[in-house]
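Chemist: Contents of my_file_38.cif (mmCIF, N, CA and C atoms and all ligand atoms):
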data_protein
loop_
_atom_site.group_PDB
_atom_site.id
_atom_site.type_symbol
_atom_site.label_atom_id
_atom_site.label_comp_id
_atom_site.auth_asym_id
_atom_site.auth_seq_id
_atom_site.Cartn_x
_atom_site.Cartn_y
_atom_site.Cartn_z
ATOM 1 N N MET O 1 17.828 -18.073 16.825
ATOM 2 C CA MET O 1 16.881 -17.044 16.405
ATOM 3 C C MET O 1 15.514 -17.349 17.002
ATOM 4 N N SER O 2 14.935 -16.401 17.696
ATOM 5 C CA SER O 2 13.620 -16.624 18.288
ATOM 6 C C SER O 2 12.568 -15.906 17.452
ATOM 7 N N ARG O 3 11.327 -16.264 17.688
ATOM 8 C CA ARG O 3 10.268 -15.627 16.922
ATOM 9 C C ARG O 3 9.966 -14.243 17.489
ATOM 10 N N SER O 4 9.229 -13.468 16.713
ATOM 11 C CA SER O 4 8.896 -12.099 17.120
ATOM 12 C C SER O 4 8.092 -12.082 18.416
ATOM 13 N N ILE O 5 8.456 -11.202 19.334
ATOM 14 C CA ILE O 5 7.623 -10.997 20.516
ATOM 15 C C ILE O 5 6.762 -9.752 20.334
ATOM 16 N N VAL O 6 6.859 -9.134 19.155
ATOM 17 C CA VAL O 6 6.121 -7.901 18.894
ATOM 18 C C VAL O 6 4.733 -8.201 18.336
ATOM 19 N N THR O 7 4.640 -9.209 17.479
ATOM 20 C CA THR O 7 3.361 -9.563 16.860
ATOM 21 C C THR O 7 3.225 -11.075 16.749
ATOM 22 N N ASP O 8 1.992 -11.561 16.802
ATOM 23 C CA ASP O 8 1.731 -12.985 16.612
ATOM 24 C C ASP O 8 1.462 -13.311 15.143
ATOM 25 N N TYR O 9 1.327 -12.285 14.320
ATOM 26 C CA TYR O 9 0.938 -12.488 12.915
ATOM 27 C C TYR O 9 2.170 -12.481 12.025
ATOM 28 N N GLU O 10 2.873 -13.601 12.022
ATOM 29 C CA GLU O 10 4.181 -13.674 11.364
ATOM 30 C C GLU O 10 4.101 -13.504 9.850
ATOM 31 N N GLY O 11 2.960 -13.832 9.235
ATOM 32 C CA GLY O 11 2.899 -13.799 7.787
ATOM 33 C C GLY O 11 2.408 -12.480 7.206
ATOM 34 N N ILE O 12 2.104 -11.520 8.080
ATOM 35 C CA ILE O 12 1.463 -10.284 7.639
ATOM 36 C C ILE O 12 2.349 -9.088 7.923
ATOM 37 N N CYS O 13 2.524 -8.217 6.914
ATOM 38 C CA CYS O 13 3.348 -7.016 7.094
ATOM 39 C C CYS O 13 2.829 -6.213 8.287
ATOM 40 N N PHE O 14 3.724 -5.917 9.211
ATOM 41 C CA PHE O 14 3.376 -5.207 10.441
ATOM 42 C C PHE O 14 2.833 -3.814 10.141
ATOM 43 N N PHE O 15 3.244 -3.247 9.005
ATOM 44 C CA PHE O 15 2.912 -1.852 8.724
ATOM 45 C C PHE O 15 1.676 -1.685 7.842
ATOM 46 N N CYS O 16 1.494 -2.560 6.850
ATOM 47 C CA CYS O 16 0.383 -2.338 5.919
ATOM 48 C C CYS O 16 -0.587 -3.510 5.824
ATOM 49 N N GLY O 17 -0.232 -4.662 6.382
ATOM 50 C CA GLY O 17 -1.157 -5.787 6.381
ATOM 51 C C GLY O 17 -1.087 -6.684 5.156
ATOM 52 N N LYS O 18 -0.242 -6.335 4.186
ATOM 53 C CA LYS O 18 -0.068 -7.227 3.038
ATOM 54 C C LYS O 18 0.765 -8.429 3.453
ATOM 55 N N GLU O 19 0.887 -9.369 2.530
ATOM 56 C CA GLU O 19 1.695 -10.542 2.825
ATOM 57 C C GLU O 19 3.144 -10.129 3.099
ATOM 58 N N ALA O 20 3.702 -10.646 4.168
ATOM 59 C CA ALA O 20 5.084 -10.303 4.512
ATOM 60 C C ALA O 20 6.061 -10.990 3.568
ATOM 61 N N GLU O 21 7.141 -10.277 3.242
ATOM 62 C CA GLU O 21 8.163 -10.852 2.359
ATOM 63 C C GLU O 21 9.507 -10.948 3.050
ATOM 64 N N GLY O 22 9.606 -10.388 4.234
ATOM 65 C CA GLY O 22 10.881 -10.424 4.940
ATOM 66 C C GLY O 22 10.675 -10.066 6.389
ATOM 67 N N LYS O 23 11.742 -9.705 7.026
ATOM 68 C CA LYS O 23 11.723 -9.432 8.464
ATOM 69 C C LYS O 23 12.490 -8.144 8.720
ATOM 70 N N HIS O 24 11.883 -7.257 9.487
ATOM 71 C CA HIS O 24 12.574 -6.019 9.859
ATOM 72 C C HIS O 24 13.023 -6.112 11.316
ATOM 73 N N HIS O 25 14.271 -5.757 11.552
ATOM 74 C CA HIS O 25 14.808 -5.707 12.908
ATOM 75 C C HIS O 25 14.529 -4.311 13.452
ATOM 76 N N LEU O 26 13.758 -4.218 14.518
ATOM 77 C CA LEU O 26 13.322 -2.905 15.000
ATOM 78 C C LEU O 26 14.501 -2.012 15.353
ATOM 79 N N ILE O 27 15.553 -2.609 15.882
ATOM 80 C CA ILE O 27 16.763 -1.845 16.168
ATOM 81 C C ILE O 27 17.858 -2.394 15.266
ATOM 82 N N PHE O 28 18.478 -1.513 14.504
ATOM 83 C CA PHE O 28 19.458 -1.979 13.523
ATOM 84 C C PHE O 28 20.725 -1.149 13.639
ATOM 85 N N GLY O 29 21.746 -1.588 12.956
ATOM 86 C CA GLY O 29 23.065 -0.997 13.096
ATOM 87 C C GLY O 29 24.015 -2.111 13.492
ATOM 88 N N THR O 30 25.292 -1.800 13.499
ATOM 89 C CA THR O 30 26.308 -2.826 13.699
ATOM 90 C C THR O 30 26.048 -3.679 14.943
ATOM 91 N N GLY O 31 25.882 -4.972 14.719
ATOM 92 C CA GLY O 31 25.728 -5.906 15.838
ATOM 93 C C GLY O 31 24.336 -5.958 16.434
ATOM 94 N N LYS O 32 23.492 -5.010 16.076
ATOM 95 C CA LYS O 32 22.194 -4.931 16.757
ATOM 96 C C LYS O 32 21.139 -5.845 16.141
ATOM 97 N N ARG O 33 21.280 -6.118 14.852
ATOM 98 C CA ARG O 33 20.330 -7.054 14.223
ATOM 99 C C ARG O 33 20.369 -8.410 14.918
ATOM 100 N N GLU O 34 21.583 -8.869 15.233
ATOM 101 C CA GLU O 34 21.729 -10.166 15.891
ATOM 102 C C GLU O 34 21.045 -10.155 17.258
ATOM 103 N N LEU O 35 21.198 -9.046 17.980
ATOM 104 C CA LEU O 35 20.551 -8.937 19.293
ATOM 105 C C LEU O 35 19.035 -8.969 19.136
ATOM 106 N N CYS O 36 18.527 -8.281 18.120
ATOM 107 C CA CYS O 36 17.082 -8.278 17.869
ATOM 108 C C CYS O 36 16.588 -9.684 17.553
ATOM 109 N N ASP O 37 17.376 -10.436 16.791
ATOM 110 C CA ASP O 37 16.988 -11.816 16.503
ATOM 111 C C ASP O 37 16.884 -12.613 17.789
ATOM 112 N N LYS O 38 17.855 -12.456 18.649
ATOM 113 C CA LYS O 38 17.849 -13.213 19.916
ATOM 114 C C LYS O 38 16.689 -12.780 20.803
ATOM 115 N N ASP O 39 16.400 -11.488 20.824
ATOM 116 C CA ASP O 39 15.377 -10.967 21.728
ATOM 117 C C ASP O 39 13.971 -11.015 21.131
ATOM 118 N N GLY O 40 13.865 -11.326 19.842
ATOM 119 C CA GLY O 40 12.546 -11.361 19.199
ATOM 120 C C GLY O 40 12.013 -9.987 18.836
ATOM 121 N N LEU O 41 12.911 -9.002 18.753
ATOM 122 C CA LEU O 41 12.480 -7.636 18.426
ATOM 123 C C LEU O 41 12.494 -7.431 16.912
ATOM 124 N N THR O 42 11.688 -8.237 16.235
ATOM 125 C CA THR O 42 11.593 -8.174 14.778
ATOM 126 C C THR O 42 10.118 -8.149 14.401
ATOM 127 N N VAL O 43 9.833 -7.646 13.206
ATOM 128 C CA VAL O 43 8.459 -7.678 12.703
ATOM 129 C C VAL O 43 8.471 -8.144 11.249
ATOM 130 N N PRO O 44 7.440 -8.916 10.862
ATOM 131 C CA PRO O 44 7.302 -9.289 9.453
ATOM 132 C C PRO O 44 6.994 -8.041 8.630
ATOM 133 N N ILE O 45 7.499 -7.986 7.410
ATOM 134 C CA ILE O 45 7.344 -6.761 6.615
ATOM 135 C C ILE O 45 7.334 -7.087 5.130
ATOM 136 N N CYS O 46 6.596 -6.305 4.347
ATOM 137 C CA CYS O 46 6.629 -6.477 2.888
ATOM 138 C C CYS O 46 7.789 -5.641 2.341
ATOM 139 N N ASN O 47 8.201 -5.943 1.123
ATOM 140 C CA ASN O 47 9.365 -5.246 0.573
ATOM 141 C C ASN O 47 9.118 -3.755 0.379
ATOM 142 N N GLY O 48 7.876 -3.393 0.031
ATOM 143 C CA GLY O 48 7.569 -1.981 -0.173
ATOM 144 C C GLY O 48 7.725 -1.182 1.110
ATOM 145 N N CYS O 49 7.191 -1.685 2.204
ATOM 146 C CA CYS O 49 7.311 -0.985 3.486
ATOM 147 C C CYS O 49 8.741 -1.054 4.020
ATOM 148 N N HIS O 50 9.485 -2.056 3.591
ATOM 149 C CA HIS O 50 10.827 -2.216 4.151
ATOM 150 C C HIS O 50 11.803 -1.234 3.516
ATOM 151 N N ASN O 51 12.092 -1.406 2.236
ATOM 152 C CA ASN O 51 13.084 -0.514 1.635
ATOM 153 C C ASN O 51 12.887 -0.272 0.147
ATOM 154 N N LEU O 52 11.805 -0.807 -0.439
ATOM 155 C CA LEU O 52 11.633 -0.635 -1.885
ATOM 156 C C LEU O 52 10.561 0.386 -2.242
ATOM 157 N N GLY O 53 9.744 0.778 -1.276
ATOM 158 C CA GLY O 53 8.676 1.728 -1.574
ATOM 159 C C GLY O 53 9.194 3.159 -1.634
ATOM 160 N N GLU O 54 8.272 4.098 -1.788
ATOM 161 C CA GLU O 54 8.666 5.512 -1.777
ATOM 162 C C GLU O 54 9.223 5.876 -0.410
ATOM 163 N N ALA O 55 10.112 6.858 -0.390
ATOM 164 C CA ALA O 55 10.814 7.209 0.844
ATOM 165 C C ALA O 55 9.856 7.499 1.991
ATOM 166 N N SER O 56 8.710 8.093 1.664
ATOM 167 C CA SER O 56 7.785 8.479 2.726
ATOM 168 C C SER O 56 6.982 7.307 3.267
ATOM 169 N N SER O 57 7.026 6.156 2.598
ATOM 170 C CA SER O 57 6.192 5.037 3.049
ATOM 171 C C SER O 57 7.008 3.774 3.301
ATOM 172 N N ARG O 58 8.299 3.925 3.504
ATOM 173 C CA ARG O 58 9.126 2.772 3.860
ATOM 174 C C ARG O 58 9.887 3.084 5.142
ATOM 175 N N VAL O 59 10.408 2.048 5.753
ATOM 176 C CA VAL O 59 11.115 2.247 7.022
ATOM 177 C C VAL O 59 12.534 2.752 6.792
ATOM 178 N N HIS O 60 13.316 1.997 6.005
ATOM 179 C CA HIS O 60 14.731 2.364 5.847
ATOM 180 C C HIS O 60 14.883 3.559 4.919
ATOM 181 N N GLY O 61 15.730 4.493 5.292
ATOM 182 C CA GLY O 61 15.923 5.698 4.512
ATOM 183 C C GLY O 61 14.906 6.770 4.850
ATOM 184 N N ASN O 62 14.106 6.539 5.867
ATOM 185 C CA ASN O 62 13.080 7.475 6.317
ATOM 186 C C ASN O 62 13.395 7.786 7.795
ATOM 187 N N PRO O 63 14.070 8.901 8.048
ATOM 188 C CA PRO O 63 14.616 9.158 9.390
ATOM 189 C C PRO O 63 13.586 9.042 10.514
ATOM 190 N N MET O 64 12.383 9.551 10.308
ATOM 191 C CA MET O 64 11.386 9.481 11.378
ATOM 192 C C MET O 64 10.965 8.039 11.634
ATOM 193 N N ALA O 65 10.750 7.289 10.555
ATOM 194 C CA ALA O 65 10.344 5.893 10.719
ATOM 195 C C ALA O 65 11.465 5.074 11.359
ATOM 196 N N GLU O 66 12.701 5.356 10.993
ATOM 197 C CA GLU O 66 13.825 4.624 11.591
ATOM 198 C C GLU O 66 13.889 4.899 13.089
ATOM 199 N N LYS O 67 13.666 6.147 13.449
ATOM 200 C CA LYS O 67 13.705 6.509 14.861
ATOM 201 C C LYS O 67 12.565 5.831 15.625
ATOM 202 N N LEU O 68 11.367 5.872 15.052
ATOM 203 C CA LEU O 68 10.216 5.244 15.708
ATOM 204 C C LEU O 68 10.410 3.732 15.842
ATOM 205 N N SER O 69 11.033 3.132 14.837
ATOM 206 C CA SER O 69 11.295 1.703 14.879
ATOM 207 C C SER O 69 12.141 1.353 16.097
ATOM 208 N N LYS O 70 13.200 2.128 16.313
ATOM 209 C CA LYS O 70 14.090 1.864 17.451
ATOM 210 C C LYS O 70 13.378 2.135 18.779
ATOM 211 N N MET O 71 12.554 3.196 18.791
ATOM 212 C CA MET O 71 11.805 3.496 20.016
ATOM 213 C C MET O 71 10.832 2.359 20.340
ATOM 214 N N LEU O 72 10.167 1.830 19.311
ATOM 215 C CA LEU O 72 9.246 0.720 19.531
ATOM 216 C C LEU O 72 9.997 -0.500 20.043
ATOM 217 N N GLY O 73 11.153 -0.767 19.446
ATOM 218 C CA GLY O 73 11.960 -1.904 19.891
ATOM 219 C C GLY O 73 12.302 -1.792 21.368
ATOM 220 N N GLN O 74 12.717 -0.609 21.770
ATOM 221 C CA GLN O 74 13.074 -0.423 23.173
ATOM 222 C C GLN O 74 11.845 -0.523 24.075
ATOM 223 N N ALA O 75 10.725 0.040 23.636
ATOM 224 C CA ALA O 75 9.502 -0.010 24.449
ATOM 225 C C ALA O 75 9.064 -1.458 24.662
ATOM 226 N N VAL O 76 9.144 -2.271 23.609
ATOM 227 C CA VAL O 76 8.767 -3.680 23.742
ATOM 228 C C VAL O 76 9.761 -4.398 24.660
ATOM 229 N N TYR O 77 11.046 -4.094 24.487
ATOM 230 C CA TYR O 77 12.057 -4.688 25.365
ATOM 231 C C TYR O 77 11.724 -4.381 26.827
ATOM 232 N N GLU O 78 11.456 -3.125 27.112
ATOM 233 C CA GLU O 78 11.207 -2.720 28.502
ATOM 234 C C GLU O 78 9.890 -3.294 29.023
ATOM 235 N N GLY O 79 8.943 -3.533 28.138
ATOM 236 C CA GLY O 79 7.676 -4.104 28.567
ATOM 237 C C GLY O 79 7.739 -5.602 28.794
ATOM 238 N N ARG O 80 8.627 -6.274 28.070
ATOM 239 C CA ARG O 80 8.595 -7.739 28.065
ATOM 240 C C ARG O 80 9.869 -8.397 28.567
ATOM 241 N N ILE O 81 10.991 -7.698 28.534
ATOM 242 C CA ILE O 81 12.275 -8.371 28.783
ATOM 243 C C ILE O 81 13.026 -7.802 29.981
ATOM 244 N N GLY O 82 13.297 -6.529 29.998
ATOM 245 C CA GLY O 82 14.146 -6.007 31.069
ATOM 246 C C GLY O 82 14.011 -4.513 31.264
ATOM 247 N N THR O 83 14.899 -3.973 32.062
ATOM 248 C CA THR O 83 14.840 -2.558 32.439
ATOM 249 C C THR O 83 15.531 -1.680 31.391
ATOM 250 N N ARG O 84 15.363 -0.384 31.511
ATOM 251 C CA ARG O 84 16.025 0.562 30.623
ATOM 252 C C ARG O 84 17.547 0.447 30.739
ATOM 253 N N GLU O 85 18.014 0.263 31.966
ATOM 254 C CA GLU O 85 19.465 0.142 32.163
ATOM 255 C C GLU O 85 20.003 -1.108 31.475
ATOM 256 N N GLU O 86 19.260 -2.204 31.560
ATOM 257 C CA GLU O 86 19.669 -3.440 30.878
ATOM 258 C C GLU O 86 19.640 -3.243 29.359
ATOM 259 N N PHE O 87 18.626 -2.525 28.881
ATOM 260 C CA PHE O 87 18.565 -2.239 27.442
ATOM 261 C C PHE O 87 19.774 -1.422 27.013
ATOM 262 N N ARG O 88 20.081 -0.402 27.793
ATOM 263 C CA ARG O 88 21.192 0.483 27.452
ATOM 264 C C ARG O 88 22.507 -0.288 27.387
ATOM 265 N N LYS O 89 22.688 -1.186 28.334
ATOM 266 C CA LYS O 89 23.920 -1.996 28.347
ATOM 267 C C LYS O 89 23.970 -2.906 27.119
ATOM 268 N N ARG O 90 22.822 -3.515 26.793
ATOM 269 C CA ARG O 90 22.794 -4.522 25.725
ATOM 270 C C ARG O 90 22.908 -3.868 24.349
ATOM 271 N N TYR O 91 22.188 -2.769 24.150
ATOM 272 C CA TYR O 91 22.148 -2.155 22.814
ATOM 273 C C TYR O 91 23.031 -0.920 22.681
ATOM 274 N N GLY O 92 23.678 -0.526 23.774
ATOM 275 C CA GLY O 92 24.672 0.554 23.686
ATOM 276 C C GLY O 92 24.132 1.948 23.909
ATOM 277 N N LYS O 93 22.811 2.128 23.823
ATOM 278 C CA LYS O 93 22.230 3.443 24.087
ATOM 279 C C LYS O 93 20.728 3.319 24.311
ATOM 280 N N SER O 94 20.137 4.404 24.801
ATOM 281 C CA SER O 94 18.688 4.439 24.990
ATOM 282 C C SER O 94 18.066 5.320 23.916
ATOM 283 N N TYR O 95 16.973 4.847 23.338
ATOM 284 C CA TYR O 95 16.251 5.632 22.321
ATOM 285 C C TYR O 95 15.038 6.327 22.915
ATOM 286 N N LEU O 96 14.797 6.128 24.214
ATOM 287 C CA LEU O 96 13.638 6.730 24.875
ATOM 288 C C LEU O 96 14.091 7.733 25.926
HETATM 289 ZN ZN ZN O 101 3.861 -3.492 4.058
HETATM 290 ZN ZN ZN O 102 14.791 -3.575 8.211
#
Kindly return the structure encoded in the file as structure tokens.
Modeler:
Amino acid sequence: MSRSIVTDYEGICFFCGKEAEGKHHLIFGTGKRELCDKDGLTVPICNGCHNLGEASSRVHGNPMAEKLSKMLGQAVYEGRIGTREEFRKRYGKSYL
């Protein structure tokens, strides 16, 4: 498991700035969390922003936020790791 390549502030919720309580994998779904761990495509997150807050202010269960999360993951991958084609092969599809 590697550290996040998305943010240097591991202890702070990426979305609201409160103390982080867990880790969100920017791209999720079967097998993809593990890839995100290897690639560092994770962000620190508080429980409210992750999945315990209201639907409009959390990532999971919020279709627009889930989509943006995957798009951000791919954008960071393409900026720091590899090409779109390599992303597509590794994660099974392109979100951009
Ligand atoms: Zn938060
Ligand atoms: Zn998550």
Chemist: Any idea what's packed within 7 Å of range 23-40 of chain O, counting all atoms listed in the file, ignoring anything in its chain fewer than 2 positions away? Could you give it as a list in words?
Modeler: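 Within the cut-off, the hits are Met1, Ser2, Arg3, Ser4, Ile5, Val6, Ala20, Glu21, Thr42, Val43, Pro44, Ile45, Cys46, Ser69, Lys70, Met71, Leu72, Gly73, Gln74 and Tyr91 of chain O.
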Chemist: Given the file shown, determine the residues that the PyMOL selection byres (((not hetatm)) within 8 of (chain O and resi 101)) selects; report them as a tab-separated table (two decimals) with N, CA and C atoms, keeping the file's coordinate frame.
Modeler:
chain	number	residue	atom	x	y	z
O	12	ILE	N	2.10	-11.52	8.08
O	12	ILE	CA	1.46	-10.28	7.64
O	12	ILE	C	2.35	-9.09	7.92
O	13	CYS	N	2.52	-8.22	6.91
O	13	CYS	CA	3.35	-7.02	7.09
O	13	CYS	C	2.83	-6.21	8.29
O	14	PHE	N	3.72	-5.92	9.21
O	14	PHE	CA	3.38	-5.21	10.44
O	14	PHE	C	2.83	-3.81	10.14
O	15	PHE	N	3.24	-3.25	9.01
O	15	PHE	CA	2.91	-1.85	8.72
O	15	PHE	C	1.68	-1.68	7.84
O	16	CYS	N	1.49	-2.56	6.85
O	16	CYS	CA	0.38	-2.34	5.92
O	16	CYS	C	-0.59	-3.51	5.82
O	17	GLY	N	-0.23	-4.66	6.38
O	17	GLY	CA	-1.16	-5.79	6.38
O	17	GLY	C	-1.09	-6.68	5.16
O	18	LYS	N	-0.24	-6.34	4.19
O	18	LYS	CA	-0.07	-7.23	3.04
O	18	LYS	C	0.76	-8.43	3.45
O	19	GLU	N	0.89	-9.37	2.53
O	19	GLU	CA	1.70	-10.54	2.82
O	19	GLU	C	3.14	-10.13	3.10
O	20	ALA	N	3.70	-10.65	4.17
O	20	ALA	CA	5.08	-10.30	4.51
O	20	ALA	C	6.06	-10.99	3.57
O	21	GLU	N	7.14	-10.28	3.24
O	21	GLU	CA	8.16	-10.85	2.36
O	21	GLU	C	9.51	-10.95	3.05
O	44	PRO	N	7.44	-8.92	10.86
O	44	PRO	CA	7.30	-9.29	9.45
O	44	PRO	C	6.99	-8.04	8.63
O	45	ILE	N	7.50	-7.99	7.41
O	45	ILE	CA	7.34	-6.76	6.62
O	45	ILE	C	7.33	-7.09	5.13
O	46	CYS	N	6.60	-6.30	4.35
O	46	CYS	CA	6.63	-6.48	2.89
O	46	CYS	C	7.79	-5.64	2.34
O	47	ASN	N	8.20	-5.94	1.12
O	47	ASN	CA	9.36	-5.25	0.57
O	47	ASN	C	9.12	-3.76	0.38
O	48	GLY	N	7.88	-3.39	0.03
O	48	GLY	CA	7.57	-1.98	-0.17
O	48	GLY	C	7.72	-1.18	1.11
O	49	CYS	N	7.19	-1.68	2.20
O	49	CYS	CA	7.31	-0.98	3.49
O	49	CYS	C	8.74	-1.05	4.02
O	50	HIS	N	9.48	-2.06	3.59
O	50	HIS	CA	10.83	-2.22	4.15
O	50	HIS	C	11.80	-1.23	3.52
O	57	SER	N	7.03	6.16	2.60
O	57	SER	CA	6.19	5.04	3.05
O	57	SER	C	7.01	3.77	3.30
Chemist: In chain O, what's strand (DSSP E or B) per DSSP? Answer as a PyMOL selection string?
Modeler: chain O and resi 12+19+22-25+42-45
Chemist: So the first atom is atom C of Pro63 in chain O and the second is CA of Ile81 in chain O; what is the distance between them in Å, to one decimal place?
Modeler: 25.3 Å
Chemist: For the atom pair atom N of Tyr95 in chain O and atom N of Ala75 in chain O, what is the interatomic distance in Å to one decimal place?
Modeler: 7.9 Å
Chemist: If you measure from CA of Lys93 in chain O to CA of Arg58 in chain O, what distance in Å do you get, rounded to one decimal?
Modeler: 24.1 Å
Chemist: Using 6 Å of padding on each side, determine the axis-aligned box around all atoms of range 63-67 of chain O present in the file and give its centre and edge lengths in Å to one decimal, as JSON.
Modeler:
{"center_x": 12.5, "center_y": 7.1, "center_z": 11.8, "size_x": 16.3, "size_y": 16.9, "size_z": 19.6}
Chemist: Determine which residues of range 10-81 of chain O DSSP labels as helix (DSSP H, G or I) from the backbone of this structure, then write them out as a VMD selection string.
Modeler: chain O and resid 32 to 39 47 to 52 55 to 57 63 to 80
Chemist: Please evaluate the PyMOL selection byres (((chain O and resi 84 and name CA) around 10) and not hetatm and name CA) against the displayed coordinates and give the resulting residues as a ChimeraX atom specification.
Modeler: /O:74-75,77-79,81-83,85-90,93-96
Chemist: Between O:Thr7, O:His60, O:Glu54, O:Ala65, single out the one closest to ligand ZN 102 (chain O), counting all atoms listed in the file.
Modeler: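 Between O:Thr7, O:His60, O:Glu54, O:Ala65, the residue approaching ligand ZN 102 (chain O) most closely is O:His60.
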Chemist: Go through O:Arg80, O:Tyr9, O:Gly53, O:Val59 and flag the residue nearest ligand ZN 102 (chain O), using all atoms listed in the file for the distances.
Modeler: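 Closest residue, counting all atoms listed in the file: O:Val59.
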Chemist: I want to know what sits within 10 Å of Gly61 in chain O, based on only C-alpha atoms, with residues of the same chain fewer than 5 positions away left out; could you give that as a list in words?
Modeler: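 In the requested format, the answer is His50, Asn51, Leu52, Glu54, Ala55, Ser56 and Glu66 of chain O.
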